[in-house]
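Structure data (mmCIF, C-alpha atoms (C1' of nucleotides)) from entry-v8.cif:
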```cif
data_data
loop_
_atom_site.label_atom_id
_atom_site.label_comp_id
_atom_site.auth_asym_id
_atom_site.auth_seq_id
_atom_site.Cartn_x
_atom_site.Cartn_y
_atom_site.Cartn_z
CA MET A 283 -1.09 -62.27 -6.21
CA THR A 284 1.24 -60.91 -3.59
CA ALA A 285 -1.24 -59.71 -1.00
CA ASP A 286 -3.82 -62.27 -0.07
CA GLY A 287 -7.25 -61.61 1.25
CA GLU A 288 -6.52 -62.25 4.90
CA HIS A 289 -3.26 -60.23 4.92
CA GLY A 290 -1.33 -63.03 6.50
CA GLY A 291 1.91 -62.25 4.69
CA LEU A 292 1.32 -58.59 3.91
CA ASP A 293 4.52 -56.66 4.45
CA PHE A 294 5.41 -53.09 3.62
CA TRP A 295 6.52 -53.84 0.10
CA SER A 296 3.46 -55.81 -0.92
CA PHE A 297 1.28 -53.21 0.75
CA VAL A 298 2.77 -50.58 -1.55
CA GLU A 299 1.94 -52.78 -4.53
CA LEU A 300 -1.57 -53.26 -3.29
CA ALA A 301 -1.97 -49.54 -2.68
CA ASN A 302 -0.70 -48.70 -6.15
CA ARG A 303 -3.16 -51.08 -7.73
CA ARG A 304 -6.20 -49.94 -5.80
CA LEU A 305 -5.41 -46.25 -6.08
CA ALA A 306 -5.10 -46.58 -9.84
CA THR A 307 -7.89 -48.99 -10.72
CA GLU A 308 -10.55 -48.24 -8.10
CA TYR A 309 -10.04 -44.56 -7.52
CA GLY A 310 -8.27 -43.32 -10.65
CA PHE A 311 -5.45 -41.51 -8.88
CA ARG A 312 -2.57 -40.77 -11.18
CA HIS A 313 0.55 -40.11 -9.14
CA GLN A 314 1.33 -43.50 -7.62
CA LEU A 315 5.06 -43.17 -8.10
CA ALA A 316 5.09 -40.00 -6.01
CA THR A 317 3.17 -41.75 -3.26
CA GLU A 318 5.50 -44.70 -3.35
CA LEU A 319 8.54 -42.44 -3.25
CA LEU A 320 7.43 -40.49 -0.21
CA LEU A 321 6.17 -43.58 1.59
CA THR A 322 9.51 -45.27 1.09
CA LEU A 323 11.48 -42.18 2.04
CA ASN A 324 9.58 -41.78 5.26
CA ARG A 325 9.91 -45.42 6.14
CA ALA A 326 13.63 -45.64 5.46
CA SER A 327 14.35 -42.55 7.52
CA ASN A 328 12.25 -43.78 10.45
CA ILE A 329 13.81 -47.22 10.50
CA VAL A 330 17.39 -45.98 10.43
CA THR A 331 16.81 -43.14 12.86
CA TYR A 332 15.00 -45.34 15.33
CA ASP A 333 17.79 -47.88 15.20
CA LEU A 334 20.52 -45.31 15.79
CA GLU A 335 18.62 -43.77 18.66
CA ALA A 336 17.83 -47.12 20.28
CA SER A 337 21.24 -48.72 19.83
CA VAL A 338 23.58 -45.76 20.35
CA HIS A 339 21.96 -42.83 22.12
CA ARG A 340 19.29 -44.11 24.50
CA PRO A 341 21.66 -46.55 26.23
CA ARG A 342 23.87 -43.57 27.03
CA GLY A 343 21.05 -41.40 28.22
CA ARG A 344 20.89 -39.14 25.18
CA SER A 345 17.99 -38.51 22.84
CA TRP A 346 18.25 -38.34 19.07
CA SER A 347 17.48 -34.63 19.12
CA GLY A 348 19.94 -34.02 21.89
CA PHE A 349 22.59 -35.69 19.83
CA ARG A 350 21.74 -33.64 16.77
CA LEU A 351 22.06 -30.41 18.70
CA LEU A 352 25.36 -31.48 20.22
CA PHE A 353 26.56 -32.57 16.79
CA VAL A 354 26.04 -29.24 15.04
CA THR A 355 27.37 -27.35 18.03
CA TRP A 356 30.43 -29.56 18.08
CA LEU A 357 31.28 -29.07 14.43
CA ALA A 358 29.93 -25.63 13.60
CA GLY A 359 31.58 -24.18 16.67
CA PRO A 360 29.89 -21.60 18.84
CA LEU A 361 26.67 -20.68 17.08
CA GLU A 362 23.46 -18.85 17.80
CA ALA A 363 20.49 -20.89 18.94
CA LYS A 364 18.64 -19.73 15.86
CA LYS A 365 21.32 -21.14 13.60
CA ALA A 366 21.34 -24.41 15.50
CA ALA A 367 17.59 -24.67 14.96
CA GLU A 368 18.01 -24.14 11.22
CA LEU A 369 20.80 -26.69 10.88
CA THR A 370 19.08 -29.37 12.93
CA GLY A 371 15.65 -28.69 11.47
CA MET A 372 14.10 -28.22 14.90
CA SER A 373 12.00 -25.36 16.17
CA ARG A 374 13.67 -22.64 18.22
CA ALA A 375 11.63 -23.78 21.19
CA ALA A 376 13.03 -27.28 20.88
CA VAL A 377 16.60 -25.95 20.84
CA SER A 378 15.86 -23.85 23.88
CA ASN A 379 14.48 -26.82 25.79
CA LEU A 380 17.23 -29.21 24.77
CA ALA A 381 19.90 -26.64 25.59
CA LYS A 382 18.47 -26.27 29.07
CA THR A 383 18.95 -29.94 29.89
CA LEU A 384 22.30 -30.20 28.13
CA VAL A 385 23.61 -27.22 30.04
CA ALA A 386 22.40 -28.83 33.26
CA ASP A 387 24.26 -31.99 32.24
CA GLY A 388 27.43 -29.96 31.80
CA LEU A 389 27.83 -30.67 28.09
CA LEU A 390 26.77 -27.32 26.68
CA ALA A 391 27.66 -23.72 27.50
CA ARG A 392 25.40 -20.75 26.92
CA THR A 393 26.97 -17.30 26.53
CA PRO A 394 25.25 -14.06 25.51
CA GLY A 395 25.99 -12.93 21.96
CA GLU A 396 28.43 -10.06 21.55
CA HIS A 397 26.90 -8.08 18.72
CA ASP A 398 23.25 -8.79 19.50
CA GLY A 399 21.90 -8.54 23.01
CA ARG A 400 19.02 -10.86 22.20
CA SER A 401 21.06 -13.77 20.92
CA VAL A 402 22.64 -16.65 22.79
CA LEU A 403 25.76 -18.47 21.67
CA LEU A 404 25.88 -22.22 22.17
CA SER A 405 29.16 -24.07 22.49
CA LEU A 406 30.37 -27.36 23.87
CA THR A 407 32.11 -27.60 27.19
CA GLU A 408 35.29 -29.61 27.40
CA ARG A 409 33.33 -32.53 28.75
CA GLY A 410 30.75 -32.07 26.02
CA THR A 411 33.45 -32.34 23.38
CA GLU A 412 34.89 -35.47 24.91
CA GLU A 413 31.49 -37.10 25.09
CA MET A 414 30.67 -36.13 21.53
CA VAL A 415 33.83 -37.73 20.21
CA GLU A 416 32.96 -40.91 22.02
CA LEU A 417 29.30 -40.80 21.07
CA PHE A 418 30.01 -40.09 17.45
CA ARG A 419 32.55 -42.87 17.23
CA GLU A 420 29.80 -45.33 18.11
CA GLN A 421 27.23 -43.73 15.86
CA ASN A 422 29.63 -43.57 12.94
CA GLU A 423 30.32 -47.28 13.15
CA ARG A 424 26.62 -47.99 13.09
CA GLU A 425 26.03 -45.53 10.25
CA TYR A 426 28.71 -47.34 8.31
CA GLU A 427 26.99 -50.68 8.84
CA TRP A 428 23.79 -49.24 7.44
CA ALA A 429 25.34 -47.48 4.50
CA SER A 430 27.50 -50.45 3.55
CA VAL A 431 24.50 -52.24 2.13
CA LEU A 432 24.97 -49.86 -0.79
CA THR A 433 28.08 -49.45 -2.89
CA GLU A 434 29.90 -46.16 -2.62
CA ALA A 435 28.57 -45.10 -6.00
CA GLU A 436 25.02 -45.90 -4.92
CA GLN A 437 25.49 -43.93 -1.74
CA ARG A 438 26.63 -40.89 -3.70
CA ILE A 439 23.70 -41.14 -6.07
CA LEU A 440 21.31 -41.49 -3.16
CA VAL A 441 22.70 -38.38 -1.48
CA MET A 442 22.47 -36.49 -4.75
CA LEU A 443 18.87 -37.49 -5.41
CA LEU A 444 17.77 -36.73 -1.86
CA ASP A 445 19.41 -33.37 -2.06
CA LYS A 446 17.81 -32.63 -5.39
CA LEU A 447 14.43 -33.62 -3.99
CA VAL A 448 14.50 -30.92 -1.34
CA SER A 449 16.73 -28.35 -3.00
CA ASN A 450 14.13 -26.80 -5.27
CA ARG A 451 11.55 -26.41 -2.60
CA ASP A 452 11.42 -22.65 -3.03
CA GLN A 453 9.54 -23.25 -6.27
CA PHE A 454 6.33 -23.70 -4.31
CA ASP A 455 5.55 -22.37 -0.86
CA VAL A 456 6.75 -25.01 1.55
CA ARG A 457 5.71 -24.95 5.17
CA GLY A 458 8.67 -24.85 7.50
CA ARG A 459 8.93 -24.74 11.26
CA ASN A 460 8.91 -21.49 13.25
CA MET B 290 35.82 -21.29 1.86
CA THR B 291 32.15 -22.07 1.98
CA ALA B 292 31.54 -21.73 5.67
CA ASP B 293 32.90 -18.51 7.14
CA GLY B 294 33.93 -17.99 10.70
CA GLU B 295 30.83 -16.21 11.88
CA HIS B 296 28.42 -18.63 10.17
CA GLY B 297 26.45 -15.86 8.53
CA GLY B 298 25.66 -17.87 5.43
CA LEU B 299 26.01 -21.37 6.81
CA ASP B 300 23.24 -23.54 5.44
CA PHE B 301 22.68 -27.28 5.68
CA TRP B 302 24.75 -28.12 2.65
CA SER B 303 27.82 -26.14 3.64
CA PHE B 304 27.46 -27.49 7.16
CA VAL B 305 27.79 -31.00 5.80
CA GLU B 306 30.95 -29.98 3.95
CA LEU B 307 32.33 -28.41 7.08
CA ALA B 308 31.46 -31.48 9.13
CA ASN B 309 33.11 -33.79 6.62
CA ARG B 310 36.28 -31.75 6.69
CA ARG B 311 36.56 -31.50 10.44
CA LEU B 312 35.61 -35.11 11.10
CA ALA B 313 38.30 -36.27 8.70
CA THR B 314 41.16 -33.89 9.39
CA GLU B 315 40.75 -33.07 13.09
CA TYR B 316 39.33 -36.31 14.42
CA GLY B 317 40.35 -38.93 11.88
CA PHE B 318 36.90 -40.46 11.41
CA ARG B 319 36.66 -42.55 8.29
CA HIS B 320 33.01 -42.98 7.33
CA GLN B 321 32.01 -39.47 6.27
CA LEU B 322 29.92 -40.65 3.35
CA ALA B 323 27.77 -42.75 5.67
CA THR B 324 27.24 -39.75 7.94
CA GLU B 325 26.36 -37.55 5.02
CA LEU B 326 23.94 -40.13 3.67
CA LEU B 327 22.00 -40.54 6.89
CA LEU B 328 22.04 -36.83 7.63
CA THR B 329 20.59 -36.11 4.22
CA LEU B 330 18.07 -38.91 4.44
CA ASN B 331 16.80 -37.70 7.76
CA ARG B 332 16.57 -34.14 6.62
CA ALA B 333 14.76 -34.88 3.38
CA SER B 334 12.20 -37.03 5.14
CA ASN B 335 11.56 -34.42 7.82
CA ILE B 336 11.16 -31.56 5.37
CA VAL B 337 8.72 -33.36 3.12
CA THR B 338 6.74 -34.92 5.95
CA TYR B 339 6.46 -31.66 7.81
CA ASP B 340 5.25 -29.90 4.69
CA LEU B 341 2.59 -32.50 3.94
CA GLU B 342 1.37 -32.47 7.50
CA ALA B 343 1.27 -28.67 7.71
CA SER B 344 -0.25 -28.00 4.30
CA VAL B 345 -2.68 -30.91 3.95
CA HIS B 346 -3.52 -32.59 7.24
CA ARG B 347 -3.35 -30.05 10.05
CA PRO B 348 -5.71 -27.62 8.31
CA ARG B 349 -8.28 -30.41 8.22
CA GLY B 350 -7.77 -31.41 11.82
CA ARG B 351 -5.81 -34.59 11.11
CA SER B 352 -2.33 -35.52 12.27
CA TRP B 353 0.28 -37.15 10.10
CA SER B 354 0.07 -40.37 12.07
CA GLY B 355 -3.70 -40.33 11.98
CA PHE B 356 -3.55 -40.06 8.23
CA ARG B 357 -1.12 -42.93 7.97
CA LEU B 358 -3.35 -45.19 10.00
CA LEU B 359 -6.39 -44.23 7.93
CA PHE B 360 -4.38 -44.75 4.76
CA VAL B 361 -3.37 -48.34 5.45
CA THR B 362 -6.82 -49.17 6.79
CA TRP B 363 -8.38 -47.69 3.69
CA LEU B 364 -6.29 -49.67 1.25
CA ALA B 365 -5.46 -52.85 3.10
CA GLY B 366 -9.07 -53.32 4.05
CA PRO B 367 -10.13 -54.52 7.48
CA LEU B 368 -6.94 -55.45 9.28
CA GLU B 369 -5.75 -56.27 12.74
CA ALA B 370 -4.32 -53.49 14.85
CA LYS B 371 -1.05 -55.39 14.98
CA LYS B 372 -0.83 -55.42 11.19
CA ALA B 373 -1.62 -51.72 11.02
CA ALA B 374 1.23 -51.03 13.43
CA GLU B 375 3.65 -53.00 11.28
CA LEU B 376 2.60 -51.30 8.06
CA THR B 377 2.69 -47.79 9.47
CA GLY B 378 5.84 -48.34 11.50
CA MET B 379 4.17 -47.24 14.72
CA SER B 380 4.02 -49.04 18.06
CA ARG B 381 0.91 -51.04 18.89
CA ALA B 382 0.15 -48.54 21.63
CA ALA B 383 0.22 -45.70 19.13
CA VAL B 384 -2.28 -47.49 16.92
CA SER B 385 -4.50 -48.13 19.91
CA ASN B 386 -4.46 -44.47 20.90
CA LEU B 387 -5.01 -43.15 17.40
CA ALA B 388 -7.81 -45.62 16.79
CA LYS B 389 -9.57 -44.39 19.90
CA THR B 390 -9.80 -40.84 18.62
CA LEU B 391 -10.57 -41.85 15.05
CA VAL B 392 -13.41 -44.07 16.23
CA ALA B 393 -14.72 -41.17 18.29
CA ASP B 394 -14.57 -39.01 15.15
CA GLY B 395 -16.63 -41.56 13.29
CA LEU B 396 -14.00 -42.41 10.70
CA LEU B 397 -12.89 -45.78 11.99
CA ALA B 398 -14.75 -48.89 13.12
CA ARG B 399 -13.46 -51.43 15.59
CA THR B 400 -14.81 -54.96 15.48
CA PRO B 401 -13.57 -57.99 17.41
CA GLY B 402 -11.61 -60.50 15.34
CA GLU B 403 -13.43 -63.67 14.36
CA HIS B 404 -10.73 -66.29 14.69
CA ASP B 405 -8.84 -64.70 17.54
CA GLY B 406 -10.62 -63.37 20.57
CA ARG B 407 -7.72 -61.10 21.43
CA SER B 408 -7.51 -59.26 18.13
CA VAL B 409 -9.37 -56.21 16.91
CA LEU B 410 -10.19 -55.53 13.28
CA LEU B 411 -9.93 -51.96 12.08
CA SER B 412 -11.92 -50.77 9.10
CA LEU B 413 -13.10 -47.45 7.73
CA THR B 414 -16.65 -46.29 8.15
CA GLU B 415 -18.45 -44.95 5.12
CA ARG B 416 -17.66 -41.44 6.23
CA GLY B 417 -14.06 -42.44 6.83
CA THR B 418 -13.74 -43.69 3.28
CA GLU B 419 -15.23 -40.52 1.85
CA GLU B 420 -12.88 -38.37 3.88
CA MET B 421 -9.88 -40.45 2.93
CA VAL B 422 -10.60 -40.08 -0.78
CA GLU B 423 -10.81 -36.34 -0.36
CA LEU B 424 -7.78 -36.16 1.93
CA PHE B 425 -5.66 -38.31 -0.29
CA ARG B 426 -6.58 -36.34 -3.39
CA GLU B 427 -5.04 -33.27 -1.77
CA GLN B 428 -2.02 -35.12 -0.48
CA ASN B 429 -1.39 -36.83 -3.78
CA GLU B 430 -1.29 -33.51 -5.61
CA ARG B 431 1.21 -32.21 -3.13
CA GLU B 432 3.27 -35.40 -3.30
CA TYR B 433 3.36 -35.01 -7.03
CA GLU B 434 4.69 -31.47 -6.74
CA TRP B 435 7.50 -32.72 -4.53
CA ALA B 436 8.38 -35.73 -6.65
CA SER B 437 8.29 -33.79 -9.89
CA VAL B 438 11.58 -32.14 -9.09
CA LEU B 439 13.03 -35.51 -10.12
CA THR B 440 12.56 -37.25 -13.42
CA GLU B 441 10.59 -40.46 -13.40
CA ALA B 442 13.77 -42.47 -13.83
CA GLU B 443 15.36 -40.67 -10.91
CA GLN B 444 12.31 -41.36 -8.78
CA ARG B 445 12.51 -45.06 -9.53
CA ILE B 446 16.19 -45.18 -8.72
CA LEU B 447 15.58 -43.33 -5.48
CA VAL B 448 12.88 -45.76 -4.43
CA MET B 449 15.11 -48.68 -5.32
CA LEU B 450 18.09 -47.35 -3.35
CA LEU B 451 15.98 -46.50 -0.31
CA ASP B 452 14.47 -49.92 -0.37
CA LYS B 453 17.85 -51.56 -0.70
CA LEU B 454 19.13 -49.51 2.22
CA VAL B 455 16.59 -50.97 4.63
CA SER B 456 15.94 -54.34 3.04
CA ASN B 457 19.01 -56.12 4.33
CA ARG B 458 18.57 -55.00 7.87
CA ASP B 459 18.28 -58.54 9.14
CA GLN B 460 22.01 -58.89 8.58
CA PHE B 461 22.67 -57.13 11.87
CA ASP B 462 20.35 -56.85 14.84
CA VAL B 463 18.29 -53.77 14.22
CA ARG B 464 16.23 -52.24 16.99
CA GLY B 465 12.56 -52.00 16.06
CA ARG B 466 9.53 -50.72 17.91
CA ASN B 467 7.50 -53.01 20.21
"C1'" DG C 246 -7.62 -80.85 30.64
"C1'" DC C 247 -4.22 -77.97 32.59
"C1'" DG C 248 -0.54 -75.13 33.29
"C1'" DA C 249 3.51 -72.54 31.13
"C1'" DG C 250 4.70 -69.44 27.89
"C1'" DG C 251 3.56 -66.38 24.25
"C1'" DT C 252 0.69 -62.85 21.85
"C1'" DA C 253 -3.08 -58.90 20.97
"C1'" DG C 254 -4.61 -54.98 22.80
"C1'" DT C 255 -5.06 -51.29 26.32
"C1'" DA C 256 -3.84 -48.13 30.19
"C1'" DA C 257 -0.69 -45.25 32.80
"C1'" DA C 258 3.43 -42.66 33.19
"C1'" DT C 259 6.96 -40.22 30.94
"C1'" DG C 260 9.35 -37.47 27.64
"C1'" DC C 261 9.62 -34.63 23.84
"C1'" DG C 262 8.39 -31.22 20.10
"C1'" DT C 263 5.22 -27.86 18.46
"C1'" DG C 264 2.67 -23.40 18.18
"C1'" DA C 265 1.30 -19.40 20.60
"C1'" DA C 266 2.10 -15.89 23.72
"C1'" DC C 267 5.46 -13.08 25.94
"C1'" DT C 268 9.91 -10.47 27.04
"C1'" DA C 269 13.78 -8.13 25.58
"C1'" DT C 270 16.48 -6.20 22.13
"C1'" DA C 271 17.37 -4.28 17.51
"C1'" DT C 272 16.31 -1.44 13.36
"C1'" DG C 273 14.60 1.98 10.33
"C1'" DG C 274 11.54 5.76 8.77
"C1'" DG C 275 9.51 9.97 10.18
"C1'" DC D 251 15.24 11.06 18.88
"C1'" DC D 252 11.24 8.07 18.96
"C1'" DC D 253 7.86 4.89 17.88
"C1'" DA D 254 6.40 0.96 14.87
"C1'" DT D 255 7.87 -3.22 13.48
"C1'" DA D 256 10.67 -7.22 13.40
"C1'" DT D 257 13.58 -10.64 15.48
"C1'" DA D 258 16.05 -13.92 19.29
"C1'" DG D 259 14.95 -16.52 22.89
"C1'" DT D 260 12.03 -18.52 26.54
"C1'" DT D 261 7.87 -20.32 28.67
"C1'" DC D 262 3.50 -22.68 28.69
"C1'" DA D 263 -0.24 -25.70 27.27
"C1'" DC D 264 -1.12 -29.30 24.36
"C1'" DG D 265 -0.75 -33.35 21.48
"C1'" DC D 266 1.44 -37.37 20.45
"C1'" DA D 267 4.45 -41.53 20.73
"C1'" DT D 268 7.13 -44.49 23.59
"C1'" DT D 269 8.00 -47.83 27.32
"C1'" DT D 270 6.26 -50.55 30.89
"C1'" DA D 271 2.89 -53.11 33.05
"C1'" DC D 272 -1.34 -55.31 32.92
"C1'" DT D 273 -5.51 -58.14 31.17
"C1'" DA D 274 -7.40 -61.37 28.20
"C1'" DC D 275 -6.81 -64.94 25.19
"C1'" DC D 276 -4.48 -68.56 22.62
"C1'" DT D 277 -1.50 -72.84 22.06
"C1'" DC D 278 1.41 -76.41 22.84
"C1'" DG D 279 3.08 -80.25 25.52
"C1'" DC D 280 2.64 -83.08 29.43
#
```
Turn this file's structure into structure tokens for me.
Amino acid sequence: MTADGEHGGLDFWSFVELANRRLATEYGFRHQLATELLLTLNRASNIVTYDLEASVHRPRGRSWSGFRLLFVTWLAGPLEAKKAAELTGMSRAAVSNLAKTLVADGLLARTPGEHDGRSVLLSLTERGTEEMVELFREQNEREYEWASVLTEAEQRILVMLLDKLVSNRDQFDVRGRN
Amino acid sequence: MTADGEHGGLDFWSFVELANRRLATEYGFRHQLATELLLTLNRASNIVTYDLEASVHRPRGRSWSGFRLLFVTWLAGPLEAKKAAELTGMSRAAVSNLAKTLVADGLLARTPGEHDGRSVLLSLTERGTEEMVELFREQNEREYEWASVLTEAEQRILVMLLDKLVSNRDQFDVRGRN
DNA sequence: GCGAGGTAGTAAATGCGTGAACTATATGGG
DNA sequence: CCCATATAGTTCACGCATTTACTACCTCGC
């Protein structure tokens, strides 16, 4: 028995076992593997993200979301706020808010779009680029530490499976952000 | 060329390609696979979580975090708030806040711990249990739809790789929540 | 027994992201 | 040409999670 009655040594892994058992035997649910998959996915993402944010970005006064916006703007060049929202997976409102503070910090520039009077083009300032290079250097080292637990082949398989998991999401109507 | 100059058709996948290329050739960074892995992990988790929250929990007046707390309390029986925080990956303060509203809603019960005067035991009320069964039935169906894009073997591999990714995190000092 | 140090839980302050409502601009059919 | 409709972006109110600080309680060693 992995999980004892008083839960003294109950960790995430043994909790999943316990959940599987009870869901199947006491309640007759049938899709335990799906539950386990999404539980594990969520947990892994949270752990890694929290660590990167806490060890790399917070100490330098940046948030995880701020970094993500800077990252796509850095690499995908000047782009519309809408596009930045799609690439980062944030809402347009979030991009608007983040941009406001990043512009105030002198890292981001906001210029009106040429072809569309409604749109706004985001791009990095010179200082923004410099800071991104520095920031990403740190993050990349940390990312490498995390990923190195897996072999390169495992990493490629993991990327492939994760991508497959979300790639066919048009098959049923998935809720996305505004 | 997958990503054109004006970004008209730039999606997440081609952005990753573009990022890999620029990080390697223009900046000389070496750990692109690690970046790609964590980018993909983060994205997959966000997409799936957001969908479950929006399609299952919000319509019934529950938040994703509220559901997670109810879920572990449901299956791991009466447990200390501290334990619930560990299992859900939230801070103790978050559990305290969520518990407050869930108790007010009549789903959760809070009883003082027997052996430790400081601790609080969380358990589901009768109504809480009923609602959880119903709520989880819905969620489990949806989870199954998501997972079914992968074969069962692929799902098992994915779980294994995700678990391996976070299991060895004691090797370097990882930042965790309070 | 008592005091130092540690732990469980809560409260207050802060920051951030979302959805909804709104403004401004674009587009397309009559 | 004009109005209906759709879209880009911003603002606002709200909910939620975090950190920090605090209270209450436990525990170990002197």
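Those residues of chain D that fall within 9 Å of chain B when using all atoms listed in the file read DC266, DA267, DT268, DT269, DA274, DC275 and DC276 of chain D.
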Restricting the output to C-alpha atoms (C1' of nucleotides), write the selected residues as a PDB file, in the frame of the given file.
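The resulting file, out_19.pdb, is shown below:
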```pdb
ATOM      1  C1'  DC D 266       1.440 -37.370  20.450  1.00  0.00           C
ATOM      2  C1'  DA D 267       4.450 -41.530  20.730  1.00  0.00           C
ATOM      3  C1'  DT D 268       7.130 -44.490  23.590  1.00  0.00           C
ATOM      4  C1'  DT D 269       8.000 -47.830  27.320  1.00  0.00           C
ATOM      5  C1'  DA D 274      -7.400 -61.370  28.200  1.00  0.00           C
ATOM      6  C1'  DC D 275      -6.810 -64.940  25.190  1.00  0.00           C
ATOM      7  C1'  DC D 276      -4.480 -68.560  22.620  1.00  0.00           C
TER       8       DC D 276
END
```
Item to check | Result set, the PyMOL selection byres ((chain C and resi 248) around 12) on current file, as a PyMOL selection string | outcome: (chain C and resi 246-247+249-250) or (chain D and resi 277-280)
Next on the checklist: Can you spell out as an NGL selection string the set of residues that the PyMOL selection byres ((chain D and resi 254) around 12) selects in the structure I just provided?
Outcome noted: (:C and (272-275)) or (:D and (252-253 or 255-256))
Which residues of chain C come within 12 Å of chain B, and for each one, what is the closest pair of atoms and their distance in Å to one decimal, counting only C-alpha atoms (C1' of nucleotides), sorted by chain and residue number, as a tab-separated table?
```
residue	atom	partner	partner_atom	distance
C:DT252	C1'	B:Arg407	CA	8.6
C:DA253	C1'	B:Arg407	CA	5.2
C:DG254	C1'	B:Ser408	CA	7.0
C:DT255	C1'	B:Ser385	CA	7.2
C:DA256	C1'	B:Ala382	CA	9.5
C:DA257	C1'	B:Ala382	CA	11.7
C:DT263	C1'	B:Tyr339	CA	11.4
C:DG264	C1'	B:Ala343	CA	11.8
```
Item to check | Nearest residue to Leu432 (chain A) from the set B:Leu328, B:Leu322, B:Leu299, B:Leu396 (distances using all atoms listed in the file) | outcome: B:Leu322
Checklist entry - Care to translate the PyMOL selection byres ((chain A and resi 437-451) around 8) into actual residues of this file, as a ChimeraX atom specification? => result /A:429,432-436,452-456 /B:322-323,325-326,329-330,333,336-337,435-436,438-439,443,447,450-451
Checklist entry - To one decimal place, how far is CA of Glu412 (chain A) from CA of Tyr316 (chain B) in Å? => result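 Going from CA of Glu412 (chain A) over to CA of Tyr316 (chain B), I get 11.4 Å.
Across A:Pro341, A:Trp346, A:Leu417, A:Thr370, the tightest approach to chain B is made by A:Thr370 when counting all atoms listed in the file.
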Checklist entry - How many Å separate CA of Leu411 (chain B) from CA of Arg304 (chain A)? => result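 About the pair CA of Leu411 (chain B) and CA of Arg304 (chain A): they are 18.4 Å apart.
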Item to check | Between CA of Arg416 (chain B) and CA of Tyr433 (chain B) - distance in Å to one decimal | outcome: 25.7 Å
Item to check | Distance criterion (all atoms listed in the file): nearest to chain A out of B:Glu434, B:Phe425, B:Gly366, B:Asp340 | outcome: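 Closest to chain A, using all atoms listed in the file: B:Asp340.
Closest approach to chain B among A:Ala381, A:Ala391, A:Ala336, A:Met414 is made by A:Ala336 (distances from all atoms listed in the file).
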Using the file's own x, y and z axes, so that the box edges lie along x, y and z, what centre and edge lengths in Å (one decimal) does a box around every listed atom of region 370-376 of chain B get when 6 Å is added on each side? Give it as lines of an AutoDock Vina configuration file.
```
center_x = -0.3
center_y = -53.2
center_z = 11.5
size_x = 20.0
size_y = 16.4
size_z = 18.9
```
Checklist outcome for this item: Restricting to all atoms listed in the file, whichever of A:Glu416, A:Ala301, A:Ser296, A:Phe353 is closest to chain B is A:Ala301
